[in-house]
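Pasting coords_38.pdb here (PDB, C-alpha atoms):
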```
ATOM      1  CA  MET A  17     -33.927   6.344  17.467  1.00  0.00           C
ATOM      2  CA  ILE A  18     -31.061   6.399  19.957  1.00  0.00           C
ATOM      3  CA  VAL A  19     -29.935   3.866  22.546  1.00  0.00           C
ATOM      4  CA  VAL A  20     -27.517   5.023  25.248  1.00  0.00           C
ATOM      5  CA  ARG A  21     -25.313   2.563  27.113  1.00  0.00           C
ATOM      6  CA  GLU A  22     -22.570   3.247  29.637  1.00  0.00           C
ATOM      7  CA  VAL A  23     -19.539   1.120  28.761  1.00  0.00           C
ATOM      8  CA  VAL A  24     -17.494   2.074  31.830  1.00  0.00           C
ATOM      9  CA  ASP A  25     -17.706   5.005  34.215  1.00  0.00           C
ATOM     10  CA  GLY A  26     -17.820   8.175  32.126  1.00  0.00           C
ATOM     11  CA  VAL A  27     -17.700   6.433  28.724  1.00  0.00           C
ATOM     12  CA  PHE A  28     -20.975   6.071  26.836  1.00  0.00           C
ATOM     13  CA  GLU A  29     -22.046   4.499  23.576  1.00  0.00           C
ATOM     14  CA  LEU A  30     -24.783   6.218  21.584  1.00  0.00           C
ATOM     15  CA  ARG A  31     -26.280   3.700  19.166  1.00  0.00           C
ATOM     16  CA  LEU A  32     -27.732   5.628  16.236  1.00  0.00           C
ATOM     17  CA  GLY A  33     -29.151   2.841  14.128  1.00  0.00           C
ATOM     18  CA  TYR A  34     -26.247   0.847  12.693  1.00  0.00           C
ATOM     19  CA  VAL A  35     -23.638   3.479  13.623  1.00  0.00           C
ATOM     20  CA  ASN A  36     -22.189   4.171  17.060  1.00  0.00           C
ATOM     21  CA  VAL A  37     -20.987   7.499  18.430  1.00  0.00           C
ATOM     22  CA  HIS A  38     -18.993   7.514  21.648  1.00  0.00           C
ATOM     23  CA  VAL A  39     -18.898  10.018  24.490  1.00  0.00           C
ATOM     24  CA  VAL A  40     -16.152  10.415  27.066  1.00  0.00           C
ATOM     25  CA  VAL A  41     -16.691  12.654  30.068  1.00  0.00           C
ATOM     26  CA  THR A  42     -13.427  14.232  31.235  1.00  0.00           C
ATOM     27  CA  ASP A  43     -12.465  16.838  33.822  1.00  0.00           C
ATOM     28  CA  ASP A  44     -12.184  19.380  31.010  1.00  0.00           C
ATOM     29  CA  GLY A  45     -15.467  18.682  29.231  1.00  0.00           C
ATOM     30  CA  VAL A  46     -17.035  16.139  26.917  1.00  0.00           C
ATOM     31  CA  VAL A  47     -15.200  14.381  24.092  1.00  0.00           C
ATOM     32  CA  LEU A  48     -17.019  12.854  21.120  1.00  0.00           C
ATOM     33  CA  ILE A  49     -15.526  10.114  18.994  1.00  0.00           C
ATOM     34  CA  ASP A  50     -17.112  10.434  15.537  1.00  0.00           C
ATOM     35  CA  THR A  51     -20.505  11.989  14.779  1.00  0.00           C
ATOM     36  CA  GLY A  52     -22.595   9.498  12.813  1.00  0.00           C
ATOM     37  CA  LEU A  53     -24.555  10.160   9.649  1.00  0.00           C
ATOM     38  CA  PRO A  54     -25.716  13.578   8.423  1.00  0.00           C
ATOM     39  CA  GLY A  55     -28.556  15.052  10.454  1.00  0.00           C
ATOM     40  CA  ARG A  56     -27.748  13.186  13.666  1.00  0.00           C
ATOM     41  CA  SER A  57     -26.870  16.228  15.807  1.00  0.00           C
ATOM     42  CA  PRO A  58     -30.330  16.333  17.465  1.00  0.00           C
ATOM     43  CA  LEU A  59     -30.037  12.664  18.438  1.00  0.00           C
ATOM     44  CA  ILE A  60     -26.563  13.218  19.853  1.00  0.00           C
ATOM     45  CA  GLU A  61     -27.849  16.211  21.803  1.00  0.00           C
ATOM     46  CA  ARG A  62     -30.661  14.051  23.165  1.00  0.00           C
ATOM     47  CA  GLY A  63     -28.203  11.358  24.149  1.00  0.00           C
ATOM     48  CA  LEU A  64     -26.040  13.869  25.992  1.00  0.00           C
ATOM     49  CA  LYS A  65     -29.052  15.173  27.879  1.00  0.00           C
ATOM     50  CA  GLY A  66     -29.864  11.608  28.852  1.00  0.00           C
ATOM     51  CA  ILE A  67     -26.546  11.341  30.688  1.00  0.00           C
ATOM     52  CA  GLY A  68     -26.876  14.765  32.278  1.00  0.00           C
ATOM     53  CA  ARG A  69     -24.645  16.603  29.808  1.00  0.00           C
ATOM     54  CA  ALA A  70     -25.207  19.384  27.298  1.00  0.00           C
ATOM     55  CA  LEU A  71     -24.045  19.940  23.742  1.00  0.00           C
ATOM     56  CA  GLY A  72     -22.206  23.058  24.893  1.00  0.00           C
ATOM     57  CA  GLU A  73     -19.936  20.897  27.059  1.00  0.00           C
ATOM     58  CA  VAL A  74     -18.394  19.209  24.017  1.00  0.00           C
ATOM     59  CA  THR A  75     -14.849  20.522  23.724  1.00  0.00           C
ATOM     60  CA  THR A  76     -13.227  18.044  21.312  1.00  0.00           C
ATOM     61  CA  ILE A  77     -14.350  15.738  18.508  1.00  0.00           C
ATOM     62  CA  LEU A  78     -11.940  12.919  17.681  1.00  0.00           C
ATOM     63  CA  VAL A  79     -12.432  11.586  14.146  1.00  0.00           C
ATOM     64  CA  THR A  80     -11.519   8.024  13.235  1.00  0.00           C
ATOM     65  CA  HIS A  81     -11.880   8.480   9.459  1.00  0.00           C
ATOM     66  CA  HIS A  82     -13.658  10.451   6.765  1.00  0.00           C
ATOM     67  CA  HIS A  83     -16.481   8.095   5.739  1.00  0.00           C
ATOM     68  CA  ALA A  84     -19.917   9.690   5.728  1.00  0.00           C
ATOM     69  CA  ASP A  85     -21.334   7.551   8.520  1.00  0.00           C
ATOM     70  CA  HIS A  86     -18.604   8.833  10.845  1.00  0.00           C
ATOM     71  CA  VAL A  87     -18.304  12.519   9.887  1.00  0.00           C
ATOM     72  CA  GLY A  88     -21.824  13.135   8.619  1.00  0.00           C
ATOM     73  CA  SER A  89     -22.738  15.499  11.466  1.00  0.00           C
ATOM     74  CA  LEU A  90     -19.230  16.811  12.105  1.00  0.00           C
ATOM     75  CA  ALA A  91     -19.651  20.233  10.493  1.00  0.00           C
ATOM     76  CA  ASP A  92     -22.927  20.922  12.288  1.00  0.00           C
ATOM     77  CA  LEU A  93     -21.595  19.831  15.666  1.00  0.00           C
ATOM     78  CA  ARG A  94     -18.407  21.835  15.252  1.00  0.00           C
ATOM     79  CA  ARG A  95     -20.502  24.901  14.424  1.00  0.00           C
ATOM     80  CA  ARG A  96     -22.920  24.407  17.312  1.00  0.00           C
ATOM     81  CA  THR A  97     -20.360  23.534  19.992  1.00  0.00           C
ATOM     82  CA  GLY A  98     -17.185  25.320  18.952  1.00  0.00           C
ATOM     83  CA  ALA A  99     -15.401  22.027  19.604  1.00  0.00           C
ATOM     84  CA  ARG A 100     -11.906  21.362  18.325  1.00  0.00           C
ATOM     85  CA  VAL A 101     -11.857  18.725  15.566  1.00  0.00           C
ATOM     86  CA  VAL A 102      -8.954  16.274  15.550  1.00  0.00           C
ATOM     87  CA  ALA A 103      -8.191  13.919  12.637  1.00  0.00           C
ATOM     88  CA  HIS A 104      -5.277  12.315  10.844  1.00  0.00           C
ATOM     89  CA  ALA A 105      -3.653  14.520   8.215  1.00  0.00           C
ATOM     90  CA  ALA A 106      -4.374  11.922   5.512  1.00  0.00           C
ATOM     91  CA  GLU A 107      -8.134  12.253   6.135  1.00  0.00           C
ATOM     92  CA  VAL A 108      -8.258  16.046   5.924  1.00  0.00           C
ATOM     93  CA  PRO A 109      -8.613  16.348   2.124  1.00  0.00           C
ATOM     94  CA  TRP A 110     -11.978  14.541   2.316  1.00  0.00           C
ATOM     95  CA  ILE A 111     -13.197  16.095   5.558  1.00  0.00           C
ATOM     96  CA  ALA A 112     -12.360  19.607   4.365  1.00  0.00           C
ATOM     97  CA  GLY A 113     -13.688  18.992   0.855  1.00  0.00           C
ATOM     98  CA  HIS A 114     -10.432  19.279  -1.095  1.00  0.00           C
ATOM     99  CA  ILE A 115     -11.103  15.832  -2.584  1.00  0.00           C
ATOM    100  CA  PRO A 116     -14.695  14.898  -3.470  1.00  0.00           C
ATOM    101  CA  PRO A 117     -16.024  11.538  -2.293  1.00  0.00           C
ATOM    102  CA  SER A 118     -15.358   8.656  -4.662  1.00  0.00           C
ATOM    103  CA  PRO A 119     -18.448   7.750  -6.703  1.00  0.00           C
ATOM    104  CA  PRO A 120     -20.080   4.560  -5.399  1.00  0.00           C
ATOM    105  CA  VAL A 121     -19.526   1.403  -7.416  1.00  0.00           C
ATOM    106  CA  GLY A 122     -22.088  -1.365  -7.401  1.00  0.00           C
ATOM    107  CA  ARG A 123     -25.773  -1.482  -6.493  1.00  0.00           C
ATOM    108  CA  LEU A 124     -25.257  -1.812  -2.749  1.00  0.00           C
ATOM    109  CA  ALA A 125     -22.782   1.069  -2.573  1.00  0.00           C
ATOM    110  CA  LYS A 126     -25.028   3.303  -4.688  1.00  0.00           C
ATOM    111  CA  LEU A 127     -28.024   2.533  -2.480  1.00  0.00           C
ATOM    112  CA  ALA A 128     -25.965   3.298   0.636  1.00  0.00           C
ATOM    113  CA  ALA A 129     -24.842   6.619  -0.846  1.00  0.00           C
ATOM    114  CA  ARG A 130     -28.445   7.641  -1.541  1.00  0.00           C
ATOM    115  CA  LEU A 131     -29.498   6.757   1.992  1.00  0.00           C
ATOM    116  CA  VAL A 132     -26.594   8.635   3.588  1.00  0.00           C
ATOM    117  CA  GLY A 133     -27.078  11.884   1.702  1.00  0.00           C
ATOM    118  CA  THR A 134     -24.648  14.777   1.358  1.00  0.00           C
ATOM    119  CA  VAL A 135     -21.948  15.402   3.949  1.00  0.00           C
ATOM    120  CA  GLU A 136     -21.088  19.011   4.734  1.00  0.00           C
ATOM    121  CA  THR A 137     -17.351  19.654   4.759  1.00  0.00           C
ATOM    122  CA  THR A 138     -15.572  21.396   7.606  1.00  0.00           C
ATOM    123  CA  LYS A 139     -12.198  22.473   8.939  1.00  0.00           C
ATOM    124  CA  VAL A 140      -9.922  20.214  10.982  1.00  0.00           C
ATOM    125  CA  ASP A 141      -8.325  22.091  13.873  1.00  0.00           C
ATOM    126  CA  GLN A 142      -5.624  19.647  14.941  1.00  0.00           C
ATOM    127  CA  LEU A 143      -3.773  17.188  12.717  1.00  0.00           C
ATOM    128  CA  ILE A 144      -2.476  13.814  13.772  1.00  0.00           C
ATOM    129  CA  THR A 145       0.757  13.204  11.891  1.00  0.00           C
ATOM    130  CA  THR A 146       2.556  10.630  14.013  1.00  0.00           C
ATOM    131  CA  ASP A 147       1.540   7.255  15.360  1.00  0.00           C
ATOM    132  CA  GLY A 148       1.185   7.341  19.131  1.00  0.00           C
ATOM    133  CA  ALA A 149       0.347  11.032  19.323  1.00  0.00           C
ATOM    134  CA  GLU A 150      -1.634  12.236  22.352  1.00  0.00           C
ATOM    135  CA  PRO A 151      -4.376  14.572  21.116  1.00  0.00           C
ATOM    136  CA  LEU A 152      -5.811  14.845  24.635  1.00  0.00           C
ATOM    137  CA  PRO A 153      -4.614  13.831  28.095  1.00  0.00           C
ATOM    138  CA  GLY A 154      -5.209  10.101  28.487  1.00  0.00           C
ATOM    139  CA  PHE A 155      -5.832   9.448  24.768  1.00  0.00           C
ATOM    140  CA  THR A 156      -3.319   7.834  22.419  1.00  0.00           C
ATOM    141  CA  ALA A 157      -3.933   8.041  18.663  1.00  0.00           C
ATOM    142  CA  LEU A 158      -3.091   4.793  16.875  1.00  0.00           C
ATOM    143  CA  HIS A 159      -2.669   5.010  13.106  1.00  0.00           C
ATOM    144  CA  THR A 160      -4.580   1.976  11.819  1.00  0.00           C
ATOM    145  CA  PRO A 161      -4.636   2.367   8.015  1.00  0.00           C
ATOM    146  CA  GLY A 162      -6.380   0.044   5.614  1.00  0.00           C
ATOM    147  CA  HIS A 163     -10.056   0.875   5.889  1.00  0.00           C
ATOM    148  CA  THR A 164      -8.907   4.353   4.856  1.00  0.00           C
ATOM    149  CA  ARG A 165      -5.399   5.698   4.485  1.00  0.00           C
ATOM    150  CA  GLY A 166      -5.538   7.863   7.597  1.00  0.00           C
ATOM    151  CA  HIS A 167      -7.791   5.794   9.823  1.00  0.00           C
ATOM    152  CA  VAL A 168      -7.075   6.331  13.520  1.00  0.00           C
ATOM    153  CA  SER A 169      -8.150   4.286  16.518  1.00  0.00           C
ATOM    154  CA  TYR A 170      -7.897   5.803  19.987  1.00  0.00           C
ATOM    155  CA  LEU A 171      -6.783   4.141  23.213  1.00  0.00           C
ATOM    156  CA  LEU A 172      -8.002   5.720  26.434  1.00  0.00           C
ATOM    157  CA  ASP A 173      -6.078   5.094  29.640  1.00  0.00           C
ATOM    158  CA  ARG A 174      -9.086   4.334  31.828  1.00  0.00           C
ATOM    159  CA  ALA A 175     -10.626   1.201  33.364  1.00  0.00           C
ATOM    160  CA  GLY A 176      -7.855  -1.090  32.153  1.00  0.00           C
ATOM    161  CA  GLY A 177      -7.756   0.506  28.704  1.00  0.00           C
ATOM    162  CA  ILE A 178     -10.601   1.368  26.342  1.00  0.00           C
ATOM    163  CA  LEU A 179     -10.030   1.015  22.603  1.00  0.00           C
ATOM    164  CA  PHE A 180     -12.141   3.133  20.263  1.00  0.00           C
ATOM    165  CA  ALA A 181     -11.589   0.990  17.186  1.00  0.00           C
ATOM    166  CA  GLY A 182     -13.646   3.007  14.708  1.00  0.00           C
ATOM    167  CA  ASP A 183     -13.842   0.840  11.589  1.00  0.00           C
ATOM    168  CA  ALA A 184     -10.440  -0.806  12.042  1.00  0.00           C
ATOM    169  CA  ALA A 185     -12.543  -3.605  13.516  1.00  0.00           C
ATOM    170  CA  GLY A 186     -16.181  -4.449  14.110  1.00  0.00           C
ATOM    171  CA  SER A 187     -18.036  -6.814  16.404  1.00  0.00           C
ATOM    172  CA  ARG A 188     -20.983  -9.119  16.163  1.00  0.00           C
ATOM    173  CA  ARG A 189     -22.215 -11.136  19.133  1.00  0.00           C
ATOM    174  CA  GLY A 190     -18.912 -10.576  20.892  1.00  0.00           C
ATOM    175  CA  LYS A 191     -16.844 -11.784  17.944  1.00  0.00           C
ATOM    176  CA  VAL A 192     -14.389  -9.290  16.466  1.00  0.00           C
ATOM    177  CA  SER A 193     -13.509  -9.059  12.777  1.00  0.00           C
ATOM    178  CA  GLY A 194     -11.836  -6.649  10.402  1.00  0.00           C
ATOM    179  CA  PRO A 195     -13.758  -4.104   8.302  1.00  0.00           C
ATOM    180  CA  PRO A 196     -15.845  -5.228   5.297  1.00  0.00           C
ATOM    181  CA  HIS A 197     -13.730  -5.491   2.151  1.00  0.00           C
ATOM    182  CA  MET A 198     -16.325  -3.683   0.034  1.00  0.00           C
ATOM    183  CA  PHE A 199     -15.781  -0.427   1.913  1.00  0.00           C
ATOM    184  CA  THR A 200     -12.076  -0.875   2.680  1.00  0.00           C
ATOM    185  CA  ALA A 201      -9.403   0.823   0.582  1.00  0.00           C
ATOM    186  CA  ASP A 202      -6.600  -1.655   1.340  1.00  0.00           C
ATOM    187  CA  PRO A 203      -7.734  -4.939   2.942  1.00  0.00           C
ATOM    188  CA  ALA A 204      -4.166  -6.192   3.393  1.00  0.00           C
ATOM    189  CA  ARG A 205      -3.173  -3.127   5.429  1.00  0.00           C
ATOM    190  CA  ALA A 206      -6.440  -3.372   7.340  1.00  0.00           C
ATOM    191  CA  GLY A 207      -5.422  -6.881   8.368  1.00  0.00           C
ATOM    192  CA  GLN A 208      -2.054  -5.593   9.525  1.00  0.00           C
ATOM    193  CA  SER A 209      -3.764  -2.876  11.565  1.00  0.00           C
ATOM    194  CA  LEU A 210      -6.054  -5.432  13.202  1.00  0.00           C
ATOM    195  CA  ALA A 211      -2.985  -7.477  14.149  1.00  0.00           C
ATOM    196  CA  ARG A 212      -1.309  -4.374  15.541  1.00  0.00           C
ATOM    197  CA  LEU A 213      -4.322  -3.723  17.797  1.00  0.00           C
ATOM    198  CA  ALA A 214      -4.211  -7.343  18.953  1.00  0.00           C
ATOM    199  CA  ASP A 215      -0.674  -6.736  20.238  1.00  0.00           C
ATOM    200  CA  LEU A 216      -1.867  -4.064  22.670  1.00  0.00           C
ATOM    201  CA  GLU A 217      -3.409  -4.445  26.114  1.00  0.00           C
ATOM    202  CA  PHE A 218      -6.962  -3.228  26.809  1.00  0.00           C
ATOM    203  CA  ASP A 219      -9.963  -4.501  28.723  1.00  0.00           C
ATOM    204  CA  HIS A 220     -12.722  -2.820  26.693  1.00  0.00           C
ATOM    205  CA  ALA A 221     -13.285  -2.142  22.993  1.00  0.00           C
ATOM    206  CA  VAL A 222     -15.975  -0.128  21.245  1.00  0.00           C
ATOM    207  CA  PHE A 223     -16.634   0.058  17.532  1.00  0.00           C
ATOM    208  CA  GLY A 224     -18.212   2.194  14.856  1.00  0.00           C
ATOM    209  CA  HIS A 225     -20.457  -0.782  14.126  1.00  0.00           C
ATOM    210  CA  GLY A 226     -21.379  -3.517  16.557  1.00  0.00           C
ATOM    211  CA  ARG A 227     -21.636  -3.898  20.305  1.00  0.00           C
ATOM    212  CA  ALA A 228     -18.892  -3.119  22.783  1.00  0.00           C
ATOM    213  CA  VAL A 229     -16.736  -5.947  24.105  1.00  0.00           C
ATOM    214  CA  SER A 230     -15.657  -5.871  27.746  1.00  0.00           C
ATOM    215  CA  GLY A 231     -13.516  -8.108  29.908  1.00  0.00           C
ATOM    216  CA  LEU A 232     -10.002  -8.455  28.445  1.00  0.00           C
ATOM    217  CA  ALA A 233     -11.393  -7.402  25.072  1.00  0.00           C
ATOM    218  CA  VAL A 234      -7.998  -7.673  23.387  1.00  0.00           C
ATOM    219  CA  GLU A 235      -8.381 -11.458  23.498  1.00  0.00           C
ATOM    220  CA  ALA A 236     -11.267 -11.160  21.010  1.00  0.00           C
ATOM    221  CA  PHE A 237      -8.889  -9.304  18.667  1.00  0.00           C
ATOM    222  CA  ARG A 238      -6.255 -12.000  19.068  1.00  0.00           C
ATOM    223  CA  ARG A 239      -8.802 -14.666  18.197  1.00  0.00           C
ATOM    224  CA  ALA A 240      -9.785 -12.682  15.098  1.00  0.00           C
ATOM    225  CA  VAL A 241      -6.163 -12.462  13.953  1.00  0.00           C
ATOM    226  CA  ALA A 242      -5.534 -16.122  14.641  1.00  0.00           C
ATOM    227  CA  GLY A 243      -8.529 -16.959  12.459  1.00  0.00           C
TER     228      GLY A 243
END
```
Take the structure in the file and write it out as structure tokens.
Amino acid sequence: MIVVREVVDGVFELRLGYVNVHVVVTDDGVVLIDTGLPGRSPLIERGLKGIGRALGEVTTILVTHHHADHVGSLADLRRRTGARVVAHAAEVPWIAGHIPPSPPVGRLAKLAARLVGTVETTKVDQLITTDGAEPLPGFTALHTPGHTRGHVSYLLDRAGGILFAGDAAGSRRGKVSGPPHMFTADPARAGQSLARLADLEFDHAVFGHGRAVSGLAVEAFRRAVAG
């Protein structure tokens, strides 16, 4: 099942169950931020058709981090679209398969791993190596480590600023929080990254998990940091 929602003009959220994929329409084509779980390419294609776009228009895929619910369909989409894949250099060993995924620990993690399935590895075409890099016109890559070592959030200069937080933060009923400790490599650094995002200025925020927040969204981050 897929639910499509326009966040602002030209920016769409594709809700694929508990995971969100985001679409940005630009003058040069369509940009995807993350790709959801394995096997989600047909749903993403359907979502694009629903907004009058085609899979062949996807030119770039921006990756927030290497977890399976964010890169599960990356290899298939890269193959089908020819899109350029952009990710932080610290995430490449997992995305490209140089380092195998860590075995799940605990009942919940093991169950989640069985439900997710196997992620196909793929090449990364462009590496982010510096904080504040601009992988595309209008996009700034913000290194927000903690959830993973090379986690990146993206800030788009449109409509007062749109933050693609990935899993550096999540939302529930308009309330923002950091990522769940169980799936976070370094909770202390994740907290620092959340505070760093709260120091920025943006009107809208979208997340890998949870609903978008609009209307001076950074204030929800500041409340989260303040506790």
*Can you list what the PyMOL selection byres ((chain A and resi 55) around 12) grabs from this structure, as an NGL selection string?*
:A and (32 or 51-54 or 56-61 or 84-93 or 131-136)
*Let me know the residues the PyMOL selection byres ((chain A and resi 76-82) around 9) catches in the file above, as a ChimeraX atom specification.*
/A:45-51,74-75,83-88,90,93-94,98-104,107-108,110-111,151-152,163-170,180-184
Using only C-alpha atoms, please write the residues we just selected to a file, as a PDB file, keeping the file's coordinate frame.
```
ATOM      1  CA  GLY A  45     -15.467  18.682  29.231  1.00  0.00           C
ATOM      2  CA  VAL A  46     -17.035  16.139  26.917  1.00  0.00           C
ATOM      3  CA  VAL A  47     -15.200  14.381  24.092  1.00  0.00           C
ATOM      4  CA  LEU A  48     -17.019  12.854  21.120  1.00  0.00           C
ATOM      5  CA  ILE A  49     -15.526  10.114  18.994  1.00  0.00           C
ATOM      6  CA  ASP A  50     -17.112  10.434  15.537  1.00  0.00           C
ATOM      7  CA  THR A  51     -20.505  11.989  14.779  1.00  0.00           C
ATOM      8  CA  VAL A  74     -18.394  19.209  24.017  1.00  0.00           C
ATOM      9  CA  THR A  75     -14.849  20.522  23.724  1.00  0.00           C
ATOM     10  CA  HIS A  83     -16.481   8.095   5.739  1.00  0.00           C
ATOM     11  CA  ALA A  84     -19.917   9.690   5.728  1.00  0.00           C
ATOM     12  CA  ASP A  85     -21.334   7.551   8.520  1.00  0.00           C
ATOM     13  CA  HIS A  86     -18.604   8.833  10.845  1.00  0.00           C
ATOM     14  CA  VAL A  87     -18.304  12.519   9.887  1.00  0.00           C
ATOM     15  CA  GLY A  88     -21.824  13.135   8.619  1.00  0.00           C
ATOM     16  CA  LEU A  90     -19.230  16.811  12.105  1.00  0.00           C
ATOM     17  CA  LEU A  93     -21.595  19.831  15.666  1.00  0.00           C
ATOM     18  CA  ARG A  94     -18.407  21.835  15.252  1.00  0.00           C
ATOM     19  CA  GLY A  98     -17.185  25.320  18.952  1.00  0.00           C
ATOM     20  CA  ALA A  99     -15.401  22.027  19.604  1.00  0.00           C
ATOM     21  CA  ARG A 100     -11.906  21.362  18.325  1.00  0.00           C
ATOM     22  CA  VAL A 101     -11.857  18.725  15.566  1.00  0.00           C
ATOM     23  CA  VAL A 102      -8.954  16.274  15.550  1.00  0.00           C
ATOM     24  CA  ALA A 103      -8.191  13.919  12.637  1.00  0.00           C
ATOM     25  CA  HIS A 104      -5.277  12.315  10.844  1.00  0.00           C
ATOM     26  CA  GLU A 107      -8.134  12.253   6.135  1.00  0.00           C
ATOM     27  CA  VAL A 108      -8.258  16.046   5.924  1.00  0.00           C
ATOM     28  CA  TRP A 110     -11.978  14.541   2.316  1.00  0.00           C
ATOM     29  CA  ILE A 111     -13.197  16.095   5.558  1.00  0.00           C
ATOM     30  CA  PRO A 151      -4.376  14.572  21.116  1.00  0.00           C
ATOM     31  CA  LEU A 152      -5.811  14.845  24.635  1.00  0.00           C
ATOM     32  CA  HIS A 163     -10.056   0.875   5.889  1.00  0.00           C
ATOM     33  CA  THR A 164      -8.907   4.353   4.856  1.00  0.00           C
ATOM     34  CA  ARG A 165      -5.399   5.698   4.485  1.00  0.00           C
ATOM     35  CA  GLY A 166      -5.538   7.863   7.597  1.00  0.00           C
ATOM     36  CA  HIS A 167      -7.791   5.794   9.823  1.00  0.00           C
ATOM     37  CA  VAL A 168      -7.075   6.331  13.520  1.00  0.00           C
ATOM     38  CA  SER A 169      -8.150   4.286  16.518  1.00  0.00           C
ATOM     39  CA  TYR A 170      -7.897   5.803  19.987  1.00  0.00           C
ATOM     40  CA  PHE A 180     -12.141   3.133  20.263  1.00  0.00           C
ATOM     41  CA  ALA A 181     -11.589   0.990  17.186  1.00  0.00           C
ATOM     42  CA  GLY A 182     -13.646   3.007  14.708  1.00  0.00           C
ATOM     43  CA  ASP A 183     -13.842   0.840  11.589  1.00  0.00           C
ATOM     44  CA  ALA A 184     -10.440  -0.806  12.042  1.00  0.00           C
TER      45      ALA A 184
END
```
*asked:* My list of candidates is A:Leu71, A:Val23, A:Leu143, A:Leu158. Which is closest to A:Arg227 when distances are computed with only C-alpha atoms?
replied: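 So, comparing all the options, the nearest one is A:Val23.
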_Given the PyMOL selection byres ((chain A and resi 17) around 7) and the file above, list the residues it selects as JSON, numbers by chain._
{"A": [18, 19, 32, 33]}
_Gap from atom CA of A:Ala70 to atom CA of A:Gly176 - Å, one decimal_ =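 Separation of atom CA of A:Ala70 and atom CA of A:Gly176: 27.3 Å.
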*Any idea what's packed within 7 Å of A:His225, counting only C-alpha atoms, ignoring anything in its chain fewer than 5 positions away? Could you give it as a list of chain:residue names?*
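Close residues of A:His225: A:Tyr34, A:Val35, A:Asn36, A:Gly186, A:Ser187.
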*atom CA of A:Val27 to atom CA of A:Ala106: how many Å, to one decimal?*
27.3 Å
_Under the rule that all atoms listed in the file are counted, which of A:His38, A:Ala204, A:Thr156, A:Ala175 is the nearest residue to A:Ile144?_
A:Thr156
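For the choices A:Ala206, A:Thr137, A:Leu179, A:His197, the atom-to-atom distance to A:Leu232 is smallest for A:Leu179 when using only C-alpha atoms.
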*atom CA of A:Val41 to atom CA of A:Gly224, distance in Å rounded to a single decimal*: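 One can read the atom CA of A:Val41 to atom CA of A:Gly224 distance as 18.5 Å.
Minimum atom-to-atom distance to A:Pro195, evaluated using all atoms listed in the file, belongs to A:Phe223 out of A:Arg174, A:Ala214, A:Leu64, A:Phe223.
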*Closest to A:Gly231 among A:Gly207, A:Gly162, A:Gly177, A:Gly66, using only C-alpha atoms?*
A:Gly177
Adding 4 Å on each side of the box along x, y and z that holds all listed atoms of stretch 61-73 of chain A, could you give its centre and edge lengths in Å to one decimal, as JSON?
```
{"center_x": -25.3, "center_y": 17.2, "center_z": 27.0, "size_x": 18.7, "size_y": 19.7, "size_z": 18.5}
```
*Which neighbours of stretch 209-212 of chain A fall inside 9 Å, counting all atoms listed in the file, when residues of the same chain fewer than 6 positions from it are skipped, and could you give them as a ChimeraX atom specification?*
/A:159-162,184-185,193-194,237-238,240-241
*Among listed residues A:His220, A:Met198, A:His114, A:Gly72, nearest A:Asp25 (using only C-alpha atoms)*: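 Once distances to A:Asp25 are computed over only C-alpha atoms, the minimum belongs to A:His220.
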